[in-house]
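**Student:** For reference, the file model36.cif (mmCIF, C-alpha atoms) is included below:
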```
data_query
loop_
_atom_site.group_PDB
_atom_site.id
_atom_site.type_symbol
_atom_site.label_atom_id
_atom_site.label_comp_id
_atom_site.auth_asym_id
_atom_site.auth_seq_id
_atom_site.Cartn_x
_atom_site.Cartn_y
_atom_site.Cartn_z
ATOM 1 C CA MET A 1 98.150 -136.942 225.822
ATOM 2 C CA ARG A 2 95.554 -135.349 228.100
ATOM 3 C CA TRP A 3 97.791 -132.441 228.988
ATOM 4 C CA LEU A 4 98.721 -131.936 225.353
ATOM 5 C CA LEU A 5 94.992 -131.581 224.569
ATOM 6 C CA VAL A 6 94.573 -129.192 227.525
ATOM 7 C CA ALA A 7 97.428 -127.028 226.185
ATOM 8 C CA VAL A 8 95.935 -127.007 222.673
ATOM 9 C CA ILE A 9 92.501 -126.033 224.051
ATOM 10 C CA ALA A 10 93.886 -123.211 226.224
ATOM 11 C CA ALA A 11 96.033 -121.744 223.431
ATOM 12 C CA ALA A 12 93.340 -122.013 220.742
ATOM 13 C CA THR A 13 90.633 -120.526 223.022
ATOM 14 C CA THR A 14 92.837 -117.570 223.917
ATOM 15 C CA VAL A 15 93.696 -116.827 220.281
ATOM 16 C CA SER A 16 90.053 -117.176 219.255
ATOM 17 C CA ASP A 17 88.696 -114.871 221.997
ATOM 18 C CA VAL A 18 91.265 -112.140 221.431
ATOM 19 C CA LEU A 19 90.746 -112.144 217.628
ATOM 20 C CA GLN A 20 86.970 -112.086 218.106
ATOM 21 C CA ALA A 21 87.162 -109.192 220.561
ATOM 22 C CA ALA A 22 89.483 -107.244 218.220
ATOM 23 C CA ALA A 23 87.127 -107.788 215.269
ATOM 24 C CA MET A 24 84.008 -106.739 217.171
ATOM 25 C CA LYS A 25 85.691 -103.677 218.724
ATOM 26 C CA ARG A 26 86.526 -102.473 215.207
ATOM 27 C CA HIS A 27 83.008 -103.192 214.021
ATOM 28 C CA GLY A 28 81.408 -101.228 216.824
ATOM 29 C CA GLU A 29 78.237 -101.676 218.820
ATOM 30 C CA ILE A 30 75.497 -103.744 217.187
ATOM 31 C CA ARG A 31 72.252 -101.771 217.512
ATOM 32 C CA ASP A 32 69.925 -103.084 214.836
ATOM 33 C CA PHE A 33 68.409 -106.480 215.661
ATOM 34 C CA ARG A 34 65.882 -106.737 212.814
ATOM 35 C CA PRO A 35 66.278 -109.962 210.780
ATOM 36 C CA GLY A 36 67.368 -108.167 207.593
ATOM 37 C CA ALA A 37 70.031 -106.175 209.406
ATOM 38 C CA LEU A 38 71.287 -109.307 211.149
ATOM 39 C CA GLY A 39 71.569 -111.074 207.781
ATOM 40 C CA ARG A 40 73.634 -108.200 206.355
ATOM 41 C CA LEU A 41 75.767 -108.202 209.510
ATOM 42 C CA LEU A 42 76.443 -111.922 209.099
ATOM 43 C CA ALA A 43 77.531 -111.354 205.481
ATOM 44 C CA ILE A 44 79.912 -108.565 206.560
ATOM 45 C CA LEU A 45 81.401 -110.585 209.437
ATOM 46 C CA ALA A 46 81.848 -113.709 207.274
ATOM 47 C CA ARG A 47 84.240 -111.688 205.077
ATOM 48 C CA ASN A 48 86.151 -110.270 208.052
ATOM 49 C CA LYS A 49 89.615 -111.894 208.225
ATOM 50 C CA LEU A 50 89.831 -111.589 212.008
ATOM 51 C CA VAL A 51 86.450 -113.317 212.419
ATOM 52 C CA VAL A 52 87.436 -116.116 210.001
ATOM 53 C CA ALA A 53 90.751 -116.659 211.851
ATOM 54 C CA SER A 54 88.892 -116.626 215.170
ATOM 55 C CA VAL A 55 86.413 -119.264 213.990
ATOM 56 C CA ALA A 56 89.320 -121.391 212.685
ATOM 57 C CA ALA A 57 91.004 -121.263 216.117
ATOM 58 C CA MET A 58 87.658 -122.072 217.745
ATOM 59 C CA THR A 59 87.264 -125.133 215.497
ATOM 60 C CA VAL A 60 90.697 -126.424 216.590
ATOM 61 C CA SER A 61 89.723 -125.819 220.210
ATOM 62 C CA PHE A 62 86.350 -127.556 219.699
ATOM 63 C CA PHE A 63 87.752 -130.778 218.240
ATOM 64 C CA ALA A 64 90.495 -130.909 220.893
ATOM 65 C CA PHE A 65 87.737 -130.401 223.488
ATOM 66 C CA ILE A 66 85.547 -133.279 222.291
ATOM 67 C CA ALA A 67 88.646 -135.496 222.003
ATOM 68 C CA LEU A 68 89.414 -134.617 225.642
ATOM 69 C CA LEU A 69 85.799 -135.236 226.697
ATOM 70 C CA SER A 70 85.967 -138.721 225.167
ATOM 71 C CA VAL A 71 88.842 -139.720 227.484
ATOM 72 C CA ALA A 72 88.237 -137.514 230.547
ATOM 73 C CA ASP A 73 85.400 -136.038 232.611
ATOM 74 C CA LEU A 74 84.117 -132.529 232.101
ATOM 75 C CA SER A 75 85.702 -131.698 235.474
ATOM 76 C CA PHE A 76 89.153 -132.518 234.114
ATOM 77 C CA ALA A 77 88.609 -130.360 231.034
ATOM 78 C CA VAL A 78 87.868 -127.352 233.250
ATOM 79 C CA PRO A 79 91.380 -126.331 234.486
ATOM 80 C CA ALA A 80 92.422 -125.771 230.864
ATOM 81 C CA THR A 81 90.273 -122.665 230.849
ATOM 82 C CA ALA A 82 91.580 -121.379 234.207
ATOM 83 C CA ALA A 83 95.004 -120.422 232.854
ATOM 84 C CA SER A 84 93.443 -118.672 229.884
ATOM 85 C CA TYR A 85 91.610 -116.177 232.157
ATOM 86 C CA VAL A 86 94.763 -114.456 233.336
ATOM 87 C CA LEU A 87 96.453 -114.799 229.926
ATOM 88 C CA GLU A 88 93.464 -113.271 228.133
ATOM 89 C CA THR A 89 93.224 -110.414 230.633
ATOM 90 C CA VAL A 90 96.915 -109.604 230.005
ATOM 91 C CA LEU A 91 96.330 -109.687 226.224
ATOM 92 C CA ALA A 92 93.171 -107.570 226.619
ATOM 93 C CA LYS A 93 95.216 -104.880 228.357
ATOM 94 C CA TYR A 94 98.300 -104.814 226.109
ATOM 95 C CA LEU A 95 96.926 -105.939 222.742
ATOM 96 C CA LEU A 96 93.331 -104.646 222.842
ATOM 97 C CA LYS A 97 94.234 -101.621 225.035
ATOM 98 C CA GLU A 98 91.301 -102.220 227.370
ATOM 99 C CA PRO A 99 91.099 -100.325 230.661
ATOM 100 C CA VAL A 100 91.838 -103.225 233.007
ATOM 101 C CA THR A 101 91.195 -101.724 236.438
ATOM 102 C CA LEU A 102 92.239 -103.211 239.747
ATOM 103 C CA GLY A 103 88.711 -104.587 240.141
ATOM 104 C CA ARG A 104 88.984 -106.478 236.849
ATOM 105 C CA TRP A 105 92.430 -107.912 237.707
ATOM 106 C CA ALA A 106 91.181 -109.045 241.098
ATOM 107 C CA GLY A 107 88.040 -110.521 239.552
ATOM 108 C CA ALA A 108 89.903 -112.416 236.803
ATOM 109 C CA SER A 109 92.385 -113.828 239.351
ATOM 110 C CA LEU A 110 89.598 -114.936 241.712
ATOM 111 C CA VAL A 111 87.795 -116.633 238.810
ATOM 112 C CA ALA A 112 91.004 -118.397 237.665
ATOM 113 C CA CYS A 113 91.658 -119.747 241.200
ATOM 114 C CA GLY A 114 88.022 -120.774 241.520
ATOM 115 C CA VAL A 115 87.988 -122.619 238.188
ATOM 116 C CA ALA A 116 91.199 -124.463 239.168
ATOM 117 C CA LEU A 117 89.563 -125.529 242.460
ATOM 118 C CA LEU A 118 86.504 -126.864 240.597
ATOM 119 C CA SER A 119 88.626 -129.663 239.149
ATOM 120 C CA ARG A 120 89.424 -131.128 242.605
ATOM 121 C CA MET B 121 89.880 -78.278 246.143
ATOM 122 C CA PRO B 122 90.162 -82.007 246.822
ATOM 123 C CA TRP B 123 91.026 -84.324 243.941
ATOM 124 C CA ARG B 124 88.045 -86.152 242.520
ATOM 125 C CA PRO B 125 88.152 -89.284 240.454
ATOM 126 C CA PRO B 126 87.063 -88.679 236.839
ATOM 127 C CA ARG B 127 83.389 -89.296 236.334
ATOM 128 C CA PRO B 128 82.583 -92.505 234.496
ATOM 129 C CA ALA B 129 80.909 -92.117 231.113
ATOM 130 C CA PRO B 130 77.183 -92.642 231.523
ATOM 131 C CA VAL B 131 76.065 -96.203 230.995
ATOM 132 C CA THR B 132 72.574 -95.844 229.629
ATOM 133 C CA SER B 133 69.848 -98.091 230.934
ATOM 134 C CA ARG B 134 69.364 -99.350 227.372
ATOM 135 C CA LEU B 135 72.982 -100.525 227.207
ATOM 136 C CA ARG B 136 72.727 -102.018 230.679
ATOM 137 C CA LEU B 137 69.644 -104.006 229.656
ATOM 138 C CA LYS B 138 71.319 -105.180 226.426
ATOM 139 C CA THR B 139 74.416 -106.241 228.371
ATOM 140 C CA ARG B 140 72.362 -108.238 230.881
ATOM 141 C CA LEU B 141 70.276 -109.868 228.153
ATOM 142 C CA PHE B 142 73.237 -110.978 226.054
ATOM 143 C CA THR B 143 75.294 -112.025 229.092
ATOM 144 C CA ALA B 144 72.404 -114.305 230.101
ATOM 145 C CA LEU B 145 72.194 -115.716 226.556
ATOM 146 C CA VAL B 146 75.974 -116.377 226.428
ATOM 147 C CA ILE B 147 75.857 -118.166 229.797
ATOM 148 C CA LEU B 148 72.753 -120.215 228.964
ATOM 149 C CA THR B 149 74.018 -121.410 225.566
ATOM 150 C CA SER B 150 77.473 -122.331 226.911
ATOM 151 C CA VAL B 151 76.141 -124.238 229.942
ATOM 152 C CA CYS B 152 73.521 -126.172 227.928
ATOM 153 C CA GLY B 153 75.913 -126.650 224.985
ATOM 154 C CA ASN B 154 78.744 -128.095 227.092
ATOM 155 C CA PHE B 155 76.342 -130.286 229.068
ATOM 156 C CA SER B 156 74.909 -131.655 225.834
ATOM 157 C CA LEU B 157 78.397 -132.263 224.376
ATOM 158 C CA GLY B 158 79.589 -134.027 227.526
ATOM 159 C CA TRP B 159 76.477 -136.247 227.532
ATOM 160 C CA GLY B 160 76.873 -137.081 223.839
ATOM 161 C CA MET B 161 80.594 -137.884 224.090
ATOM 162 C CA ARG B 162 79.830 -140.399 226.841
ATOM 163 C CA GLN B 163 77.733 -142.273 224.269
ATOM 164 C CA VAL B 164 80.223 -141.907 221.418
ATOM 165 C CA GLY B 165 83.146 -143.300 223.396
ATOM 166 C CA ARG B 166 86.893 -142.793 223.167
ATOM 167 C CA LEU B 167 88.049 -140.477 220.436
ATOM 168 C CA LEU B 168 91.831 -140.277 220.346
ATOM 169 C CA THR B 169 92.538 -140.225 216.647
ATOM 170 C CA ILE B 170 93.072 -137.753 213.869
ATOM 171 C CA SER B 171 90.874 -139.751 211.473
ATOM 172 C CA PRO B 172 88.133 -137.403 210.201
ATOM 173 C CA LEU B 173 85.695 -140.338 209.901
ATOM 174 C CA ALA B 174 85.668 -140.924 213.676
ATOM 175 C CA TYR B 175 84.929 -137.245 214.266
ATOM 176 C CA MET B 176 82.112 -137.345 211.701
ATOM 177 C CA ARG B 177 80.587 -140.252 213.622
ATOM 178 C CA ALA B 178 80.721 -138.136 216.803
ATOM 179 C CA VAL B 179 79.145 -135.130 215.097
ATOM 180 C CA VAL B 180 76.039 -137.050 213.964
ATOM 181 C CA ASN B 181 75.231 -138.126 217.542
ATOM 182 C CA PRO B 182 72.035 -136.154 218.379
ATOM 183 C CA TRP B 183 73.408 -134.785 221.684
ATOM 184 C CA VAL B 184 76.673 -133.720 220.067
ATOM 185 C CA ALA B 185 74.684 -132.114 217.212
ATOM 186 C CA LEU B 186 72.505 -130.248 219.729
ATOM 187 C CA GLY B 187 75.660 -129.157 221.564
ATOM 188 C CA ILE B 188 77.161 -127.816 218.330
ATOM 189 C CA SER B 189 73.953 -125.912 217.478
ATOM 190 C CA LEU B 190 73.972 -124.312 220.927
ATOM 191 C CA LEU B 191 77.654 -123.400 220.552
ATOM 192 C CA ILE B 192 76.905 -121.685 217.205
ATOM 193 C CA LEU B 193 74.222 -119.688 219.024
ATOM 194 C CA TRP B 194 76.827 -118.990 221.719
ATOM 195 C CA LEU B 195 79.243 -117.680 219.075
ATOM 196 C CA PHE B 196 76.684 -115.179 217.737
ATOM 197 C CA SER B 197 75.625 -113.890 221.153
ATOM 198 C CA HIS B 198 79.275 -113.714 222.315
ATOM 199 C CA MET B 199 80.276 -111.679 219.246
ATOM 200 C CA THR B 200 77.310 -109.363 219.690
ATOM 201 C CA LEU B 201 78.199 -108.770 223.347
ATOM 202 C CA LEU B 202 81.865 -108.117 222.437
ATOM 203 C CA SER B 203 80.765 -105.455 219.935
ATOM 204 C CA TRP B 204 80.212 -103.080 222.863
ATOM 205 C CA ALA B 205 81.632 -104.752 225.972
ATOM 206 C CA ASP B 206 85.324 -105.321 226.828
ATOM 207 C CA LEU B 207 86.812 -108.831 226.710
ATOM 208 C CA SER B 208 88.213 -108.262 230.207
ATOM 209 C CA TYR B 209 84.601 -107.670 231.325
ATOM 210 C CA VAL B 210 82.836 -110.417 229.334
ATOM 211 C CA LEU B 211 85.261 -113.195 230.241
ATOM 212 C CA PRO B 212 84.988 -113.116 234.058
ATOM 213 C CA VAL B 213 81.290 -112.231 234.104
ATOM 214 C CA THR B 214 80.250 -115.148 231.878
ATOM 215 C CA SER B 215 82.354 -117.533 233.997
ATOM 216 C CA ILE B 216 79.379 -117.871 236.368
ATOM 217 C CA GLY B 217 78.484 -120.565 233.819
ATOM 218 C CA TYR B 218 81.025 -122.864 235.550
ATOM 219 C CA VAL B 219 79.064 -122.533 238.765
ATOM 220 C CA LEU B 220 75.815 -123.344 236.948
ATOM 221 C CA SER B 221 77.496 -126.347 235.255
ATOM 222 C CA ALA B 222 78.632 -127.704 238.629
ATOM 223 C CA LEU B 223 75.144 -127.200 240.094
ATOM 224 C CA ALA B 224 73.549 -128.847 237.026
ATOM 225 C CA GLY B 225 75.887 -131.818 237.543
ATOM 226 C CA LYS B 226 74.687 -132.102 241.139
ATOM 227 C CA LEU B 227 70.999 -131.695 240.317
ATOM 228 C CA PHE B 228 70.681 -133.725 237.108
ATOM 229 C CA LEU B 229 73.606 -136.168 237.207
ATOM 230 C CA HIS B 230 73.794 -136.484 241.031
ATOM 231 C CA GLU B 231 77.513 -135.669 241.035
ATOM 232 C CA GLU B 232 79.092 -134.956 244.411
ATOM 233 C CA ILE B 233 80.295 -131.425 245.079
ATOM 234 C CA SER B 234 83.356 -131.619 247.345
ATOM 235 C CA ARG B 235 84.404 -128.905 249.804
ATOM 236 C CA TRP B 236 87.117 -127.822 247.342
ATOM 237 C CA ARG B 237 84.487 -127.422 244.643
ATOM 238 C CA TRP B 238 82.255 -125.337 246.906
ATOM 239 C CA ALA B 239 85.301 -123.153 247.662
ATOM 240 C CA GLY B 240 85.899 -122.793 243.907
ATOM 241 C CA ILE B 241 82.248 -121.860 243.345
ATOM 242 C CA LEU B 242 82.469 -119.168 246.039
ATOM 243 C CA LEU B 243 85.695 -117.717 244.545
ATOM 244 C CA ILE B 244 84.164 -117.570 241.051
ATOM 245 C CA ALA B 245 81.015 -115.910 242.374
ATOM 246 C CA ALA B 246 83.141 -113.314 244.237
ATOM 247 C CA GLY B 247 85.209 -112.639 241.093
ATOM 248 C CA VAL B 248 82.084 -112.247 238.964
ATOM 249 C CA ALA B 249 80.541 -109.850 241.498
ATOM 250 C CA LEU B 250 83.724 -107.721 241.460
ATOM 251 C CA VAL B 251 83.931 -107.451 237.671
ATOM 252 C CA ALA B 252 80.185 -107.041 237.118
ATOM 253 C CA ARG B 253 80.370 -103.780 239.097
ATOM 254 C CA THR B 254 82.767 -102.204 236.578
ATOM 255 C CA ALA B 255 81.406 -100.485 233.460
ATOM 256 C CA PRO B 256 81.197 -102.972 230.587
ATOM 257 C CA HIS B 257 82.676 -100.860 227.804
ATOM 258 C CA ARG B 258 85.796 -98.830 227.204
ATOM 259 C CA ALA B 259 84.075 -95.450 226.972
ATOM 260 C CA GLY B 260 83.100 -95.994 230.588
ATOM 261 C CA GLY B 261 86.514 -97.371 231.377
ATOM 262 C CA VAL B 262 86.571 -95.960 234.874
ATOM 263 C CA SER B 263 85.179 -98.410 237.371
ATOM 264 C CA MET B 264 81.694 -97.544 238.546
ATOM 265 C CA SER B 265 82.331 -98.876 242.012
ATOM 266 C CA ARG B 266 84.324 -96.573 244.266
ATOM 267 C CA GLY B 267 85.973 -99.490 246.026
ATOM 268 C CA ALA B 268 87.623 -100.863 242.902
ATOM 269 C CA ALA B 269 88.462 -97.525 241.291
ATOM 270 C CA SER B 270 91.720 -96.924 243.178
#
```
Show the structure stored in the file as structure tokens.

**Tutor:**
Amino acid sequence: MRWLLVAVIAAATTVSDVLQAAAMKRHGEIRDFRPGALGRLLAILARNKLVVASVAAMTVSFFAFIALLSVADLSFAVPATAASYVLETVLAKYLLKEPVTLGRWAGASLVACGVALLSR
Amino acid sequence: MPWRPPRPAPVTSRLRLKTRLFTALVILTSVCGNFSLGWGMRQVGRLLTISPLAYMRAVVNPWVALGISLLILWLFSHMTLLSWADLSYVLPVTSIGYVLSALAGKLFLHEEISRWRWAGILLIAAGVALVARTAPHRAGGVSMSRGAAS
């Protein structure tokens, strides 16, 4: 049961992050931080299908996460996110066409190993 | 004439400041949000059901509600950061939050940090340092650090 929840969390987080990144890349850099502009931005993003799908995936991940927290420590919930680092970096390169340099690969791998060690 | 690596696109100091500001906000909201959720779920108790009523009971716990509010704030700052920075940059750099969570557990909840955990903390910090040296956005896709640009 625990590992099923971990798998759901990892998959849903990955989907959510990649959709969110794709949506925001298309939108472009946010420059105007005045309240009115932020309100208009919110209205635009709420109608964006990628953002809506991303929030839906995040909701699945959230409820699986609190279900996991109710039966396990925070330190058990952590390794779920370790696998998603490498997976998301791969998707960032091939799906989002990001320039993943050697430094970024090395960094993501170090972080994934470090997160896995945190659970011990 | 010797080959020279292509020059990275200029990262303006304004963009650098914005990146630092929003990275800090993303880290702060996720660390405090997860801490608050973990604390609240200890009070709520076991939750292994698909009954919506049980989840509603969890959501009205004040710590869980605070955690959710912080995660909504996290969502907005994360989306703002992703509007100019790459996912492959944001993800590793914000992972320093795990280190802060572990340290918060030691300081506030008096949890033990084993040798393995210290090793994990060091690896994460090294990974974050590596990625933080690359340019955050795709226009400046070439790494700013000569060591990692090969």

**Student:** Dump as a Markdown table the rows for residues of region 153-267 of chain B within 12 Å of region 13-16 of chain A: closest atom pair and distance in Å with one decimal, only C-alpha atoms counted, ordered by chain and rising residue number.

**Tutor:**
```
| residue | atom | partner | partner_atom | distance |
| --- | --- | --- | --- | --- |
| B:Leu195 | CA | A:Ser16 | CA | 10.8 |
| B:His198 | CA | A:Ser16 | CA | 11.7 |
| B:Met199 | CA | A:Ser16 | CA | 11.2 |
| B:Leu207 | CA | A:Thr14 | CA | 11.0 |
| B:Leu211 | CA | A:Thr14 | CA | 10.8 |
```

**Student:** Pick out the chain A residues within 6 Å of chain B. Count all atoms listed in the file. Give them as a list in words.

**Tutor:** Ala21, Met24, Lys25, Gly28, Glu29, Ala67, Ser70, Val71, Thr89, Pro99, Gly103, Arg104, Gly107, Ala108, Leu110, Val111, Gly114, Leu117 and Leu118 of chain A

**Student:** Would you mind reading off the distance between CA of Leu38 (chain A) and CA of Ala255 (chain B), one decimal, in Å?

**Tutor:**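 Straight-line distance from CA of Leu38 (chain A) to CA of Ala255 (chain B) works out to 26.0 Å.
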
**Student:** Might you spell out which residues the PyMOL selection byres ((chain A and resi 60) around 10) would select in the displayed file, as a short mmCIF file (atom, residue, chain, number, x, y, z; two decimals) with C-alpha atoms, in the coordinates of the input?

**Tutor:**
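Dumped everything to result_9.cif:
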```
data_model
loop_
_atom_site.label_atom_id
_atom_site.label_comp_id
_atom_site.auth_asym_id
_atom_site.auth_seq_id
_atom_site.Cartn_x
_atom_site.Cartn_y
_atom_site.Cartn_z
CA VAL A 8 95.94 -127.01 222.67
CA ILE A 9 92.50 -126.03 224.05
CA ALA A 11 96.03 -121.74 223.43
CA ALA A 12 93.34 -122.01 220.74
CA THR A 13 90.63 -120.53 223.02
CA SER A 16 90.05 -117.18 219.26
CA VAL A 55 86.41 -119.26 213.99
CA ALA A 56 89.32 -121.39 212.68
CA ALA A 57 91.00 -121.26 216.12
CA MET A 58 87.66 -122.07 217.74
CA THR A 59 87.26 -125.13 215.50
CA SER A 61 89.72 -125.82 220.21
CA PHE A 62 86.35 -127.56 219.70
CA PHE A 63 87.75 -130.78 218.24
CA ALA A 64 90.50 -130.91 220.89
CA PHE A 65 87.74 -130.40 223.49
#
```

**Student:** Pick out the closest residue to Leu87 (chain A) from this set: A:Val52, A:Ala10, A:Ile44, A:Ala37. Count all atoms listed in the file.

**Tutor:**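 Distance minimum relative to Leu87 (chain A) lands on A:Ala10.
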
**Student:** Provide the CA of Arg2 (chain A) to CA of Ser171 (chain B) distance in Å, to one decimal place.

**Tutor:**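 Straight-line distance from CA of Arg2 (chain A) to CA of Ser171 (chain B) works out to 17.8 Å.
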
**Student:** Which residue, A:Ser119, A:Ala53, A:Trp105, A:Phe76, has the smallest gap to Val90 (chain A) when you use all atoms listed in the file?

**Tutor:**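 Checking each candidate against Val90 (chain A), we get A:Trp105 as the closest.
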
**Student:** How many Å separate CA of Asn181 (chain B) from CA of Ala144 (chain B)?

**Tutor:**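 CA of Ala144 (chain B) lies 27.1 Å from CA of Asn181 (chain B).
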
**Student:** Find the smallest box with edges along x, y and z containing every listed atom of region 87-92 of chain A, then add 8 Å on each side and report centre and edge lengths in Å to one decimal, as JSON.

**Tutor:**
```
{"center_x": 95.0, "center_y": -111.2, "center_z": 228.4, "size_x": 19.7, "size_y": 23.2, "size_z": 20.4}
```

**Student:** List the residues sitting within 12 Å of (72.4, -118.0, 231.3) in the file's frame, using only C-alpha atoms, as a list in words.

**Tutor:**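 Returned residue set, sorted by chain then number, is Arg140, Leu141, Phe142, Thr143, Ala144, Leu145, Val146, Ile147, Leu148, Thr149, Ser150, Val151, Cys152, Gly153, Trp194, Ser197, Val213, Thr214, Ser215, Ile216, Gly217, Tyr218, Val219, Leu220 and Ser221 of chain B.
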
**Student:** Save region 145-165 of chain B from what I just supplied, as a PDB file, in the first residue's frame, atoms limited to N, CA and C atoms.

**Tutor:**
```pdb
ATOM      1  N   LEU B 145      11.403  32.065  -2.311  1.00  0.00           N
ATOM      2  CA  LEU B 145       9.978  31.958  -1.974  1.00  0.00           C
ATOM      3  C   LEU B 145       9.477  30.516  -2.173  1.00  0.00           C
ATOM      4  N   VAL B 146       9.890  29.886  -3.284  1.00  0.00           N
ATOM      5  CA  VAL B 146       9.491  28.500  -3.569  1.00  0.00           C
ATOM      6  C   VAL B 146       9.994  27.576  -2.461  1.00  0.00           C
ATOM      7  N   ILE B 147      11.250  27.765  -2.061  1.00  0.00           N
ATOM      8  CA  ILE B 147      11.847  26.906  -1.023  1.00  0.00           C
ATOM      9  C   ILE B 147      11.136  27.111   0.314  1.00  0.00           C
ATOM     10  N   LEU B 148      10.946  28.378   0.683  1.00  0.00           N
ATOM     11  CA  LEU B 148      10.337  28.704   1.979  1.00  0.00           C
ATOM     12  C   LEU B 148       8.917  28.143   2.085  1.00  0.00           C
ATOM     13  N   THR B 149       8.100  28.347   1.034  1.00  0.00           N
ATOM     14  CA  THR B 149       6.714  27.881   1.101  1.00  0.00           C
ATOM     15  C   THR B 149       6.638  26.351   1.106  1.00  0.00           C
ATOM     16  N   SER B 150       7.557  25.669   0.383  1.00  0.00           N
ATOM     17  CA  SER B 150       7.476  24.211   0.365  1.00  0.00           C
ATOM     18  C   SER B 150       7.956  23.619   1.688  1.00  0.00           C
ATOM     19  N   VAL B 151       9.011  24.190   2.272  1.00  0.00           N
ATOM     20  CA  VAL B 151       9.508  23.659   3.554  1.00  0.00           C
ATOM     21  C   VAL B 151       8.457  23.872   4.649  1.00  0.00           C
ATOM     22  N   CYS B 152       7.945  25.098   4.777  1.00  0.00           N
ATOM     23  CA  CYS B 152       6.953  25.393   5.818  1.00  0.00           C
ATOM     24  C   CYS B 152       5.648  24.639   5.546  1.00  0.00           C
ATOM     25  N   GLY B 153       5.244  24.555   4.272  1.00  0.00           N
ATOM     26  CA  GLY B 153       4.006  23.868   3.920  1.00  0.00           C
ATOM     27  C   GLY B 153       4.052  22.380   4.266  1.00  0.00           C
ATOM     28  N   ASN B 154       5.156  21.709   3.892  1.00  0.00           N
ATOM     29  CA  ASN B 154       5.269  20.280   4.179  1.00  0.00           C
ATOM     30  C   ASN B 154       5.387  20.008   5.665  1.00  0.00           C
ATOM     31  N   PHE B 155       6.106  20.878   6.377  1.00  0.00           N
ATOM     32  CA  PHE B 155       6.250  20.740   7.825  1.00  0.00           C
ATOM     33  C   PHE B 155       4.870  20.829   8.488  1.00  0.00           C
ATOM     34  N   SER B 156       4.107  21.822   8.066  1.00  0.00           N
ATOM     35  CA  SER B 156       2.778  22.052   8.607  1.00  0.00           C
ATOM     36  C   SER B 156       1.846  20.871   8.308  1.00  0.00           C
ATOM     37  N   LEU B 157       1.923  20.350   7.073  1.00  0.00           N
ATOM     38  CA  LEU B 157       1.106  19.186   6.696  1.00  0.00           C
ATOM     39  C   LEU B 157       1.463  17.959   7.526  1.00  0.00           C
ATOM     40  N   GLY B 158       2.773  17.724   7.681  1.00  0.00           N
ATOM     41  CA  GLY B 158       3.236  16.561   8.436  1.00  0.00           C
ATOM     42  C   GLY B 158       2.776  16.638   9.889  1.00  0.00           C
ATOM     43  N   TRP B 159       2.858  17.834  10.468  1.00  0.00           N
ATOM     44  CA  TRP B 159       2.424  18.078  11.849  1.00  0.00           C
ATOM     45  C   TRP B 159       0.922  17.834  11.990  1.00  0.00           C
ATOM     46  N   GLY B 160       0.160  18.377  11.040  1.00  0.00           N
ATOM     47  CA  GLY B 160      -1.299  18.232  11.071  1.00  0.00           C
ATOM     48  C   GLY B 160      -1.738  16.789  10.902  1.00  0.00           C
ATOM     49  N   MET B 161      -1.078  16.041   9.993  1.00  0.00           N
ATOM     50  CA  MET B 161      -1.495  14.662   9.742  1.00  0.00           C
ATOM     51  C   MET B 161      -1.183  13.753  10.923  1.00  0.00           C
ATOM     52  N   ARG B 162      -0.226  14.153  11.762  1.00  0.00           N
ATOM     53  CA  ARG B 162       0.018  13.403  12.998  1.00  0.00           C
ATOM     54  C   ARG B 162      -1.196  13.503  13.916  1.00  0.00           C
ATOM     55  N   GLN B 163      -1.853  14.666  13.902  1.00  0.00           N
ATOM     56  CA  GLN B 163      -3.036  14.865  14.748  1.00  0.00           C
ATOM     57  C   GLN B 163      -4.266  14.192  14.155  1.00  0.00           C
ATOM     58  N   VAL B 164      -4.360  14.197  12.820  1.00  0.00           N
ATOM     59  CA  VAL B 164      -5.559  13.649  12.175  1.00  0.00           C
ATOM     60  C   VAL B 164      -5.597  12.125  12.302  1.00  0.00           C
ATOM     61  N   GLY B 165      -4.433  11.493  12.182  1.00  0.00           N
ATOM     62  CA  GLY B 165      -4.395  10.039  12.302  1.00  0.00           C
ATOM     63  C   GLY B 165      -4.482   9.337  10.961  1.00  0.00           C
TER      64      GLY B 165
END
```
